[in-house]
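Structure data follow from data.cif (mmCIF, C-alpha atoms):
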```cif
data_run
#
loop_
_atom_site.group_PDB
_atom_site.id
_atom_site.type_symbol
_atom_site.label_atom_id
_atom_site.label_comp_id
_atom_site.auth_asym_id
_atom_site.auth_seq_id
_atom_site.Cartn_x
_atom_site.Cartn_y
_atom_site.Cartn_z
ATOM 1 C CA MET A 6 2.798 -18.352 18.679
ATOM 2 C CA LYS A 7 5.253 -15.522 19.170
ATOM 3 C CA LEU A 8 3.482 -13.096 16.843
ATOM 4 C CA GLU A 9 0.156 -13.735 18.605
ATOM 5 C CA TYR A 10 1.718 -12.634 21.905
ATOM 6 C CA ILE A 11 3.098 -9.457 20.355
ATOM 7 C CA VAL A 12 -0.299 -8.626 18.849
ATOM 8 C CA ALA A 13 -1.989 -9.285 22.196
ATOM 9 C CA ILE A 14 0.419 -6.820 23.813
ATOM 10 C CA VAL A 15 -0.370 -4.223 21.124
ATOM 11 C CA VAL A 16 -4.114 -4.704 21.790
ATOM 12 C CA VAL A 17 -3.548 -4.207 25.545
ATOM 13 C CA LEU A 18 -1.491 -1.081 24.839
ATOM 14 C CA PHE A 19 -4.288 0.160 22.611
ATOM 15 C CA ALA A 20 -6.779 -0.244 25.437
ATOM 16 C CA ALA A 21 -4.333 1.551 27.742
ATOM 17 C CA GLN A 22 -4.047 4.566 25.426
ATOM 18 C CA PHE A 23 -7.852 4.731 25.363
ATOM 19 C CA PHE A 24 -8.127 4.760 29.157
ATOM 20 C CA TYR A 25 -5.382 7.346 29.300
ATOM 21 C CA GLY A 26 -7.345 9.330 26.690
ATOM 22 C CA VAL A 27 -10.447 9.133 28.876
ATOM 23 C CA SER A 28 -8.535 10.432 31.891
ATOM 24 C CA ILE A 29 -7.012 13.412 30.052
ATOM 25 C CA ASN A 30 -10.236 14.229 28.128
ATOM 26 C CA PRO A 31 -12.850 13.656 30.829
ATOM 27 C CA ASP A 32 -15.575 15.538 28.954
ATOM 28 C CA SER A 33 -14.973 13.977 25.571
ATOM 29 C CA GLU A 34 -17.555 11.663 24.064
ATOM 30 C CA PHE A 35 -14.943 10.351 21.627
ATOM 31 C CA GLY A 36 -16.934 11.505 18.641
ATOM 32 C CA GLY A 37 -15.731 10.944 15.124
ATOM 33 C CA ALA A 38 -12.652 12.749 13.858
ATOM 34 C CA ASP A 39 -14.727 13.597 10.772
ATOM 35 C CA GLY A 40 -17.118 15.571 12.966
ATOM 36 C CA ALA A 41 -14.201 17.463 14.509
ATOM 37 C CA ALA A 42 -12.951 18.250 11.005
ATOM 38 C CA GLY A 43 -16.433 19.538 10.190
ATOM 39 C CA ASP A 44 -16.084 21.968 13.102
ATOM 40 C CA ILE A 45 -12.802 23.258 11.686
ATOM 41 C CA ILE A 46 -14.464 23.807 8.312
ATOM 42 C CA GLY A 47 -17.106 25.828 10.172
ATOM 43 C CA GLU A 48 -14.339 28.024 11.618
ATOM 44 C CA ILE A 49 -12.451 28.495 8.353
ATOM 45 C CA SER A 50 -15.496 29.004 6.137
ATOM 46 C CA PRO A 51 -18.346 30.140 8.346
ATOM 47 C CA GLY A 52 -21.606 29.503 6.619
ATOM 48 C CA TYR A 53 -20.364 26.646 4.443
ATOM 49 C CA GLU A 54 -23.288 24.366 3.842
ATOM 50 C CA PRO A 55 -22.905 20.855 2.437
ATOM 51 C CA TRP A 56 -24.203 21.274 -1.086
ATOM 52 C CA PHE A 57 -25.455 17.719 -1.476
ATOM 53 C CA GLU A 58 -27.627 15.770 0.905
ATOM 54 C CA GLY A 59 -26.906 12.286 -0.317
ATOM 55 C CA ILE A 60 -29.349 9.818 -1.789
ATOM 56 C CA GLY A 61 -28.472 6.752 0.277
ATOM 57 C CA PHE A 62 -30.342 5.369 3.234
ATOM 58 C CA GLU A 63 -29.723 7.380 6.350
ATOM 59 C CA PRO A 64 -29.946 5.353 9.581
ATOM 60 C CA PRO A 65 -32.671 6.942 11.728
ATOM 61 C CA GLY A 66 -30.479 6.803 14.822
ATOM 62 C CA GLY A 67 -27.430 5.414 16.546
ATOM 63 C CA GLU A 68 -29.041 2.029 17.132
ATOM 64 C CA THR A 69 -29.667 1.267 13.470
ATOM 65 C CA GLU A 70 -26.295 2.684 12.532
ATOM 66 C CA SER A 71 -24.503 0.398 14.973
ATOM 67 C CA LEU A 72 -26.504 -2.544 13.580
ATOM 68 C CA LEU A 73 -25.309 -1.817 10.050
ATOM 69 C CA PHE A 74 -21.705 -1.362 11.166
ATOM 70 C CA ALA A 75 -21.938 -4.633 13.092
ATOM 71 C CA LEU A 76 -23.331 -6.409 10.018
ATOM 72 C CA GLN A 77 -20.440 -5.070 7.969
ATOM 73 C CA ALA A 78 -17.921 -6.403 10.489
ATOM 74 C CA ALA A 79 -19.750 -9.729 10.903
ATOM 75 C CA PHE A 80 -19.902 -10.316 7.169
ATOM 76 C CA GLY A 81 -16.182 -9.687 6.847
ATOM 77 C CA ALA A 82 -15.325 -11.850 9.846
ATOM 78 C CA VAL A 83 -17.373 -14.779 8.520
ATOM 79 C CA VAL A 84 -15.591 -14.654 5.163
ATOM 80 C CA ILE A 85 -12.148 -14.519 6.804
ATOM 81 C CA GLY A 86 -12.920 -17.258 9.316
ATOM 82 C CA TYR A 87 -14.531 -19.546 6.756
ATOM 83 C CA THR A 88 -11.737 -19.213 4.212
ATOM 84 C CA ILE A 89 -8.869 -19.633 6.639
ATOM 85 C CA GLY A 90 -10.649 -22.476 8.422
ATOM 86 C CA TYR A 91 -11.409 -24.226 5.147
ATOM 87 C CA TYR A 92 -7.796 -24.219 3.999
ATOM 88 C CA LYS A 93 -6.450 -25.048 7.401
ATOM 89 C CA GLY A 94 -8.737 -28.067 7.584
ATOM 90 C CA LYS A 95 -7.774 -29.096 4.053
ATOM 91 C CA SER A 96 -4.043 -28.856 4.685
ATOM 92 C CA SER A 97 -4.170 -30.831 7.935
ATOM 93 C CA LYS A 98 -5.674 -33.899 6.225
ATOM 94 C CA MET B 4 -13.300 8.625 8.892
ATOM 95 C CA HIS B 5 -14.182 9.728 5.407
ATOM 96 C CA ILE B 6 -15.040 13.177 4.157
ATOM 97 C CA PHE B 7 -18.756 13.872 4.670
ATOM 98 C CA GLU B 8 -21.250 14.057 1.855
ATOM 99 C CA GLY B 9 -21.356 17.493 0.241
ATOM 100 C CA PHE B 10 -18.283 18.684 2.125
ATOM 101 C CA LEU B 11 -16.028 19.179 -0.880
ATOM 102 C CA PRO B 12 -16.898 22.193 -3.028
ATOM 103 C CA SER B 13 -16.259 22.473 -6.760
ATOM 104 C CA PRO B 14 -13.796 21.933 -8.327
ATOM 105 C CA TRP B 15 -12.291 19.615 -5.717
ATOM 106 C CA TRP B 16 -14.824 16.827 -5.725
ATOM 107 C CA GLN B 17 -14.555 16.579 -9.522
ATOM 108 C CA ILE B 18 -10.741 16.651 -9.424
ATOM 109 C CA TRP B 19 -10.588 13.651 -7.084
ATOM 110 C CA PHE B 20 -13.003 11.733 -9.290
ATOM 111 C CA VAL B 21 -10.798 12.452 -12.292
ATOM 112 C CA VAL B 22 -7.786 11.142 -10.347
ATOM 113 C CA SER B 23 -9.504 8.019 -9.017
ATOM 114 C CA ILE B 24 -11.551 6.775 -11.983
ATOM 115 C CA PRO B 25 -8.595 5.720 -14.200
ATOM 116 C CA VAL B 26 -7.047 3.831 -11.262
ATOM 117 C CA ILE B 27 -10.346 2.044 -10.581
ATOM 118 C CA LEU B 28 -10.702 1.089 -14.237
ATOM 119 C CA PHE B 29 -7.132 -0.193 -14.336
ATOM 120 C CA GLY B 30 -7.777 -2.070 -11.085
ATOM 121 C CA MET B 31 -10.875 -3.733 -12.560
ATOM 122 C CA TYR B 32 -8.857 -4.761 -15.588
ATOM 123 C CA GLN B 33 -6.094 -6.198 -13.373
ATOM 124 C CA LEU B 34 -8.627 -7.920 -11.132
ATOM 125 C CA ASN B 35 -10.370 -9.515 -14.076
ATOM 126 C CA LYS B 36 -7.072 -10.730 -15.493
ATOM 127 C CA LEU B 37 -5.899 -12.078 -12.142
ATOM 128 C CA VAL B 38 -9.117 -13.985 -11.475
ATOM 129 C CA ASN B 39 -9.155 -15.477 -14.998
ATOM 130 C CA GLU B 40 -5.523 -16.522 -14.955
ATOM 131 C CA ARG B 41 -5.197 -17.697 -11.377
ATOM 132 C CA ARG B 42 -8.411 -19.090 -9.944
ATOM 133 C CA GLU B 43 -6.503 -20.126 -6.832
ATOM 134 C CA VAL B 44 -6.151 -16.510 -5.655
ATOM 135 C CA VAL B 45 -9.927 -16.010 -5.293
ATOM 136 C CA PRO B 46 -10.074 -17.102 -1.628
ATOM 137 C CA LEU B 47 -7.208 -14.741 -0.783
ATOM 138 C CA LEU B 48 -8.972 -11.950 -2.621
ATOM 139 C CA ALA B 49 -12.065 -12.652 -0.523
ATOM 140 C CA VAL B 50 -10.015 -12.532 2.688
ATOM 141 C CA ALA B 51 -8.333 -9.271 1.677
ATOM 142 C CA GLY B 52 -11.676 -7.665 0.797
ATOM 143 C CA ALA B 53 -13.320 -8.970 3.962
ATOM 144 C CA PHE B 54 -10.426 -7.625 6.023
ATOM 145 C CA ILE B 55 -11.161 -4.122 4.681
ATOM 146 C CA PHE B 56 -14.826 -4.650 5.564
ATOM 147 C CA VAL B 57 -14.033 -5.590 9.148
ATOM 148 C CA LEU B 58 -11.361 -3.020 9.907
ATOM 149 C CA SER B 59 -13.109 -0.071 8.306
ATOM 150 C CA SER B 60 -16.241 -0.803 10.352
ATOM 151 C CA LEU B 61 -14.417 -0.547 13.684
ATOM 152 C CA LYS B 62 -14.685 2.956 15.042
ATOM 153 C CA LEU B 63 -11.951 3.036 17.622
ATOM 154 C CA PRO B 64 -11.314 5.649 20.300
ATOM 155 C CA SER B 65 -7.964 7.370 20.326
ATOM 156 C CA VAL B 66 -5.997 9.099 23.070
ATOM 157 C CA THR B 67 -6.812 12.457 21.435
ATOM 158 C CA GLY B 68 -10.457 12.202 22.545
ATOM 159 C CA SER B 69 -11.760 11.485 19.032
ATOM 160 C CA SER B 70 -12.613 8.255 17.282
ATOM 161 C CA SER B 71 -11.625 7.075 13.860
ATOM 162 C CA HIS B 72 -11.380 3.788 12.039
ATOM 163 C CA PRO B 73 -8.550 1.829 10.464
ATOM 164 C CA THR B 74 -8.584 1.196 6.727
ATOM 165 C CA GLY B 75 -7.681 -2.483 6.400
ATOM 166 C CA THR B 76 -6.244 -1.836 2.956
ATOM 167 C CA GLY B 77 -2.610 -2.734 3.662
ATOM 168 C CA LEU B 78 -3.178 -6.500 3.365
ATOM 169 C CA ALA B 79 -4.771 -6.216 -0.078
ATOM 170 C CA ALA B 80 -2.146 -3.709 -1.181
ATOM 171 C CA ILE B 81 0.741 -6.029 -0.334
ATOM 172 C CA LEU B 82 -0.988 -9.071 -1.841
ATOM 173 C CA PHE B 83 -2.512 -7.595 -4.989
ATOM 174 C CA GLY B 84 -1.094 -4.110 -5.480
ATOM 175 C CA PRO B 85 -2.742 -0.707 -5.134
ATOM 176 C CA ALA B 86 -5.027 -0.758 -8.198
ATOM 177 C CA ILE B 87 -6.916 -3.914 -7.188
ATOM 178 C CA THR B 88 -7.026 -2.581 -3.630
ATOM 179 C CA ALA B 89 -8.664 0.578 -4.947
ATOM 180 C CA VAL B 90 -11.484 -1.534 -6.400
ATOM 181 C CA LEU B 91 -11.990 -3.321 -3.065
ATOM 182 C CA GLY B 92 -11.857 0.020 -1.238
ATOM 183 C CA VAL B 93 -14.503 1.541 -3.494
ATOM 184 C CA ILE B 94 -16.890 -1.325 -2.752
ATOM 185 C CA VAL B 95 -16.588 -0.659 0.992
ATOM 186 C CA LEU B 96 -16.899 3.105 0.519
ATOM 187 C CA ILE B 97 -20.055 2.721 -1.571
ATOM 188 C CA TYR B 98 -21.606 0.410 1.025
ATOM 189 C CA GLN B 99 -20.855 2.883 3.807
ATOM 190 C CA THR B 100 -22.195 5.778 1.763
ATOM 191 C CA LEU B 101 -25.438 4.133 0.677
ATOM 192 C CA PHE B 102 -26.389 2.357 3.902
ATOM 193 C CA LEU B 103 -24.620 4.162 6.713
ATOM 194 C CA ALA B 104 -24.566 7.785 5.536
ATOM 195 C CA HIS B 105 -20.826 7.570 6.253
ATOM 196 C CA GLY B 106 -18.660 9.308 3.664
ATOM 197 C CA GLY B 107 -20.553 10.416 0.592
ATOM 198 C CA LEU B 108 -21.193 10.009 -3.114
ATOM 199 C CA THR B 109 -19.872 13.445 -4.017
ATOM 200 C CA THR B 110 -16.798 12.827 -1.856
ATOM 201 C CA LEU B 111 -16.382 9.244 -3.104
ATOM 202 C CA GLY B 112 -13.599 10.289 -5.470
ATOM 203 C CA ALA B 113 -11.620 12.000 -2.720
ATOM 204 C CA ASN B 114 -12.158 9.166 -0.243
ATOM 205 C CA THR B 115 -11.135 6.621 -2.867
ATOM 206 C CA VAL B 116 -7.913 8.515 -3.513
ATOM 207 C CA SER B 117 -6.972 8.586 0.184
ATOM 208 C CA MET B 118 -8.127 5.159 1.375
ATOM 209 C CA GLY B 119 -8.107 3.188 -1.866
ATOM 210 C CA ILE B 120 -5.155 4.565 -3.798
ATOM 211 C CA ILE B 121 -2.484 6.595 -1.981
ATOM 212 C CA GLY B 122 -2.518 4.632 1.281
ATOM 213 C CA PRO B 123 -2.294 1.268 -0.522
ATOM 214 C CA LEU B 124 0.341 2.641 -2.922
ATOM 215 C CA VAL B 125 2.500 3.612 0.050
ATOM 216 C CA ALA B 126 2.027 0.169 1.632
ATOM 217 C CA PHE B 127 2.920 -1.539 -1.636
ATOM 218 C CA LEU B 128 6.047 0.543 -2.293
ATOM 219 C CA PHE B 129 7.213 0.324 1.307
ATOM 220 C CA TYR B 130 6.772 -3.454 1.339
ATOM 221 C CA LYS B 131 8.728 -3.902 -1.891
ATOM 222 C CA ALA B 132 11.564 -1.635 -0.760
ATOM 223 C CA ALA B 133 11.850 -3.097 2.734
ATOM 224 C CA SER B 134 11.594 -6.588 1.298
ATOM 225 C CA LYS B 135 14.621 -5.885 -0.912
ATOM 226 C CA ALA B 136 16.441 -4.479 2.091
ATOM 227 C CA GLY B 137 15.898 -7.758 3.910
ATOM 228 C CA VAL B 138 13.567 -6.523 6.650
ATOM 229 C CA ASN B 139 11.819 -9.296 8.612
ATOM 230 C CA PHE B 140 8.599 -10.212 6.774
ATOM 231 C CA TYR B 141 6.133 -9.587 9.599
ATOM 232 C CA LEU B 142 7.875 -6.400 10.706
ATOM 233 C CA ASN B 143 7.701 -5.254 7.100
ATOM 234 C CA VAL B 144 3.949 -5.999 6.879
ATOM 235 C CA PHE B 145 3.411 -4.213 10.189
ATOM 236 C CA LEU B 146 5.311 -1.091 9.127
ATOM 237 C CA ALA B 147 3.890 -0.982 5.595
ATOM 238 C CA THR B 148 0.270 -1.195 6.763
ATOM 239 C CA ALA B 149 0.667 1.097 9.771
ATOM 240 C CA ILE B 150 2.300 3.777 7.611
ATOM 241 C CA ALA B 151 -0.355 3.330 4.899
ATOM 242 C CA ASP B 152 -3.161 3.726 7.445
ATOM 243 C CA TRP B 153 -1.608 6.919 8.748
ATOM 244 C CA VAL B 154 -0.866 8.319 5.276
ATOM 245 C CA THR B 155 -4.515 7.736 4.304
ATOM 246 C CA TYR B 156 -5.584 10.290 6.890
ATOM 247 C CA VAL B 157 -2.792 12.700 6.042
ATOM 248 C CA VAL B 158 -4.141 12.645 2.481
ATOM 249 C CA THR B 159 -7.660 13.300 3.814
ATOM 250 C CA SER B 160 -6.263 16.297 5.710
ATOM 251 C CA VAL B 161 -4.532 17.599 2.576
ATOM 252 C CA GLN B 162 -7.735 17.207 0.565
ATOM 253 C CA LEU B 163 -9.711 19.206 3.104
ATOM 254 C CA ALA B 164 -6.972 21.840 3.435
ATOM 255 C CA LEU B 165 -6.860 22.358 -0.345
ATOM 256 C CA ALA B 166 -10.635 22.750 -0.463
ATOM 257 C CA PHE B 167 -10.779 24.997 2.612
ATOM 258 C CA PRO B 168 -7.691 27.227 2.700
ATOM 259 C CA HIS B 169 -7.552 29.451 5.746
ATOM 260 C CA PRO B 170 -8.628 33.011 4.788
ATOM 261 C CA GLU B 171 -5.398 34.487 6.177
ATOM 262 C CA GLY B 172 -2.883 31.680 6.545
ATOM 263 C CA GLY B 173 -3.832 29.710 3.444
ATOM 264 C CA VAL B 174 -3.633 25.993 2.815
ATOM 265 C CA LEU B 175 -0.834 25.254 5.283
ATOM 266 C CA VAL B 176 -2.681 26.697 8.266
ATOM 267 C CA SER B 177 -5.743 24.658 7.318
ATOM 268 C CA LEU B 178 -3.574 21.600 6.878
ATOM 269 C CA ALA B 179 -2.175 22.023 10.382
ATOM 270 C CA GLY B 180 -5.747 22.152 11.684
ATOM 271 C CA PHE B 181 -7.035 19.093 9.834
ATOM 272 C CA ALA B 182 -3.888 17.039 10.313
ATOM 273 C CA GLY B 183 -3.978 18.026 13.991
ATOM 274 C CA ILE B 184 -7.179 15.999 14.198
ATOM 275 C CA PHE B 185 -6.839 13.202 11.670
ATOM 276 C CA ALA B 186 -3.120 12.463 11.757
ATOM 277 C CA THR B 187 -2.808 12.508 15.559
ATOM 278 C CA THR B 188 -6.013 10.564 16.214
ATOM 279 C CA GLN B 189 -4.867 7.930 13.755
ATOM 280 C CA VAL B 190 -1.475 7.078 15.308
ATOM 281 C CA PRO B 191 -2.673 4.438 17.833
ATOM 282 C CA LEU B 192 -5.106 3.023 15.279
ATOM 283 C CA ALA B 193 -2.382 2.725 12.668
ATOM 284 C CA ILE B 194 -0.193 0.747 15.068
ATOM 285 C CA LEU B 195 -3.087 -1.582 15.898
ATOM 286 C CA GLU B 196 -3.908 -2.047 12.229
ATOM 287 C CA GLY B 197 -0.291 -2.891 11.445
ATOM 288 C CA ALA B 198 -0.210 -5.538 14.178
ATOM 289 C CA LEU B 199 -3.523 -7.129 13.122
ATOM 290 C CA THR B 200 -2.444 -7.204 9.481
ATOM 291 C CA ALA B 201 0.867 -8.877 10.368
ATOM 292 C CA LEU B 202 -1.091 -11.524 12.298
ATOM 293 C CA ILE B 203 -3.524 -12.284 9.491
ATOM 294 C CA MET B 204 -0.575 -12.407 7.095
ATOM 295 C CA LYS B 205 0.885 -15.154 9.258
ATOM 296 C CA TYR B 206 -2.251 -17.244 8.698
ATOM 297 C CA VAL B 207 -2.087 -16.528 4.992
ATOM 298 C CA VAL B 208 1.490 -17.867 4.996
ATOM 299 C CA GLN B 209 0.282 -20.970 6.851
ATOM 300 C CA ILE B 210 -2.559 -21.809 4.485
ATOM 301 C CA LYS B 211 -1.679 -20.337 1.109
ATOM 302 C CA SER B 212 2.058 -19.863 0.903
ATOM 303 C CA ASP B 213 2.110 -21.266 -2.634
ATOM 304 C CA VAL B 214 -0.031 -18.353 -3.796
ATOM 305 C CA LEU B 215 2.298 -15.881 -2.065
ATOM 306 C CA VAL B 216 5.156 -17.339 -4.087
ATOM 307 C CA ASP B 217 3.030 -17.201 -7.257
ATOM 308 C CA LEU B 218 2.208 -13.554 -6.679
ATOM 309 C CA LYS B 219 5.932 -12.894 -6.082
ATOM 310 C CA ILE B 220 5.344 -11.590 -2.572
ATOM 311 C CA LEU B 221 7.740 -14.072 -1.056
ATOM 312 C CA THR B 222 10.461 -16.282 -2.484
ATOM 313 C CA PRO B 223 10.172 -20.036 -1.906
ATOM 314 C CA GLU B 224 13.223 -19.782 0.393
ATOM 315 C CA ALA B 225 11.574 -17.050 2.470
ATOM 316 C CA VAL B 226 8.413 -19.160 2.827
ATOM 317 C CA ALA B 227 10.448 -22.158 3.937
ATOM 318 C CA LYS B 228 12.202 -20.016 6.523
ATOM 319 C CA LEU B 229 8.928 -18.549 7.843
ATOM 320 C CA LYS B 230 7.361 -22.003 8.098
ATOM 321 C CA GLU B 231 10.438 -23.256 9.906
ATOM 322 C CA GLY B 232 9.898 -20.485 12.463
ATOM 323 C CA MET B 233 6.302 -21.591 13.075
ATOM 324 C CA LYS B 234 7.201 -25.071 14.211
#
```

Please render this file's structure as structure tokens.
Amino acid sequence: MKLEYIVAIVVVLFAAQFFYGVSINPDSEFGGADGAAGDIIGEISPGYEPWFEGIGFEPPGGETESLLFALQAAFGAVVIGYTIGYYKGKSSK
Amino acid sequence: MHIFEGFLPSPWWQIWFVVSIPVILFGMYQLNKLVNERREVVPLLAVAGAFIFVLSSLKLPSVTGSSSHPTGTGLAAILFGPAITAVLGVIVLIYQTLFLAHGGLTTLGANTVSMGIIGPLVAFLFYKAASKAGVNFYLNVFLATAIADWVTYVVTSVQLALAFPHPEGGVLVSLAGFAGIFATTQVPLAILEGALTALIMKYVVQIKSDVLVDLKILTPEAVAKLKEGMK
């Protein structure tokens, strides 16, 4: 179980760095780093316009976007849990 | 955080496609061969792919006041090598592009190079080297994946800096700007990713250590020692 404890400590430290981040950036909404990079592009090349709009589905808002991200995570988690559980059950017989 | 759709001008978006396509094709060839020759690796392949799905969907806040997401590619890179990881990475990138408007089709080549190829290549090489040097297995997995996660975003910064050199200071000034966002934001996330990957690797050792020996990731003696430590 030792590794589990270490990982738990890392997760707690991660939460701590976030709360520290909130306290030193009180006005930040913690937007995406990609958006911040987009701002830099705006400074370096004022007037740069994305030349392609994309053909995929664009979520109409934050709610739908979070749904799709959650589905992505849930799908992955089910596969991991099922596979590890299956072999764990098999090996304990 | 991938490069937005339409945010790489010519010739850069084409260049990154030219770099990534041969690796993807080689990865598909390797993947096909692996699955045909060793059916028993399929569940591990599924876990490695699913791990990328989960980790790259988690947008995590960083101390810098920005959010980014881990890559999840280190596990696949250590298990199957960078080319197969590139194929898994492309699947995730295409999903995020088509359904989430995250990343982009025109920037798919560039994002594949950073997340699917260079990051995993670094993880793979680091793991092999540290393994030879006798570094503890889980510490090795932690370091290899944390460094790979971080390098992924350094590559993203380089790609943006090359495409958008500063009018006076040139590429290096731009690089300082982009890396100032991506590389710093990523540090806590990279550490978390390394820890989570080491943990899932422990479960892989528990359930499928024979495959790890088959894939030459661990020697039978190393597996025996790790299992001894679990008791």

Q | Which residue of A:Pro64, A:Leu8, A:Thr69, A:Pro55 approaches Gly43 (chain A) most closely, using all atoms listed in the file | A | A:Pro55

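Once Leu128 (chain B) and its same-chain neighbours fewer than 5 positions away are set aside, Ala80, Ile81, Gly84, Pro85, Pro123, Ala133, Ser134 and Ala147 of chain B remain within 10 Å of it when counting all atoms listed in the file.
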
Q | Residues of chain B within 8 Å of chain A, only C-alpha atoms counted, as an MDAnalysis selection string | A | chainID B and resid 4:12 46 49:50 52:58 60:61 64:71 100:104 107:109 167:170 177 180:181 184:185 188 191:192 194:195 198:199 202 206:207 209:211 233

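Residues captured in this structure file are Gln17, Ile18, Trp19, Phe20, Val21, Asn39, Glu40, Arg41, Arg42, Glu43, Val44, Val45, Phe83, Gly84, Pro85, Ala86, Ile87, Thr88, Ala89, Val90, Val93, Gly112, Ala113, Thr115, Val116, Gly119 and Ile120 of chain B, according to the PyMOL selection byres ((chain B and resi 22-38) around 9).
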
Q: Measure the distance from CA of Met118 (chain B) to CA of Gly183 (chain B) in Å and round it to one decimal.
A: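 A separation of 18.5 Å between them.
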
Q.
So the first atom is CA of Ala51 (chain B) and the second is CA of Thr187 (chain B); what is the distance between them in Å, to one decimal place?
A.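 Taking CA of Ala51 (chain B) and CA of Thr187 (chain B), their separation equals 26.4 Å.
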
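If you look at CA of Gly232 (chain B) and CA of Val216 (chain B), they are 17.5 Å away from each other.
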
Output, as lines of an AutoDock Vina configuration file, the centre and edge lengths in Å (one decimal) of the axis-aligned box that contains all listed atoms of region 10-28 of chain A with 6 Å of margin on each side.
```
center_x = -3.7
center_y = -1.1
center_z = 25.4
size_x = 25.5
size_y = 35.1
size_z = 25.0
```

Q) Can you list, as a list in words, every protein, DNA or RNA residue that comes within 9 Å of Gly197 (chain B) when you count only C-alpha atoms, leaving out same-chain residues fewer than 3 positions away? A) Gly75, Gly77, Leu142, Val144, Phe145, Leu146, Ala147, Thr148, Ala149, Ile150, Asp152, Leu192, Ala193, Ile194, Thr200, Ala201 and Leu202 of chain B

Convert the current residue selection to file output with C-alpha atoms, as a PDB file, in the coordinates of the input.
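File produced: part-v5.pdb:
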```pdb
ATOM      1  CA  GLY B  75      -7.681  -2.483   6.400  1.00  0.00           C
ATOM      2  CA  GLY B  77      -2.610  -2.734   3.662  1.00  0.00           C
ATOM      3  CA  LEU B 142       7.875  -6.400  10.706  1.00  0.00           C
ATOM      4  CA  VAL B 144       3.949  -5.999   6.879  1.00  0.00           C
ATOM      5  CA  PHE B 145       3.411  -4.213  10.189  1.00  0.00           C
ATOM      6  CA  LEU B 146       5.311  -1.091   9.127  1.00  0.00           C
ATOM      7  CA  ALA B 147       3.890  -0.982   5.595  1.00  0.00           C
ATOM      8  CA  THR B 148       0.270  -1.195   6.763  1.00  0.00           C
ATOM      9  CA  ALA B 149       0.667   1.097   9.771  1.00  0.00           C
ATOM     10  CA  ILE B 150       2.300   3.777   7.611  1.00  0.00           C
ATOM     11  CA  ASP B 152      -3.161   3.726   7.445  1.00  0.00           C
ATOM     12  CA  LEU B 192      -5.106   3.023  15.279  1.00  0.00           C
ATOM     13  CA  ALA B 193      -2.382   2.725  12.668  1.00  0.00           C
ATOM     14  CA  ILE B 194      -0.193   0.747  15.068  1.00  0.00           C
ATOM     15  CA  THR B 200      -2.444  -7.204   9.481  1.00  0.00           C
ATOM     16  CA  ALA B 201       0.867  -8.877  10.368  1.00  0.00           C
ATOM     17  CA  LEU B 202      -1.091 -11.524  12.298  1.00  0.00           C
TER      18      LEU B 202
END
```

Q) Near Lys230 (chain B), counting all atoms listed in the file, which residues have an atom at most 10 Å away, once you skip same-chain residues fewer than 3 positions from it, shown as a PyMOL selection string? A) chain B and resi 205+208-209+212+224-227+233-234

Q. What do you get, as a ChimeraX atom specification, if you spell out every residue that the PyMOL selection byres ((chain B and resi 220) around 9) selects here?
A. /B:81-82,131,134,214-219,221-222
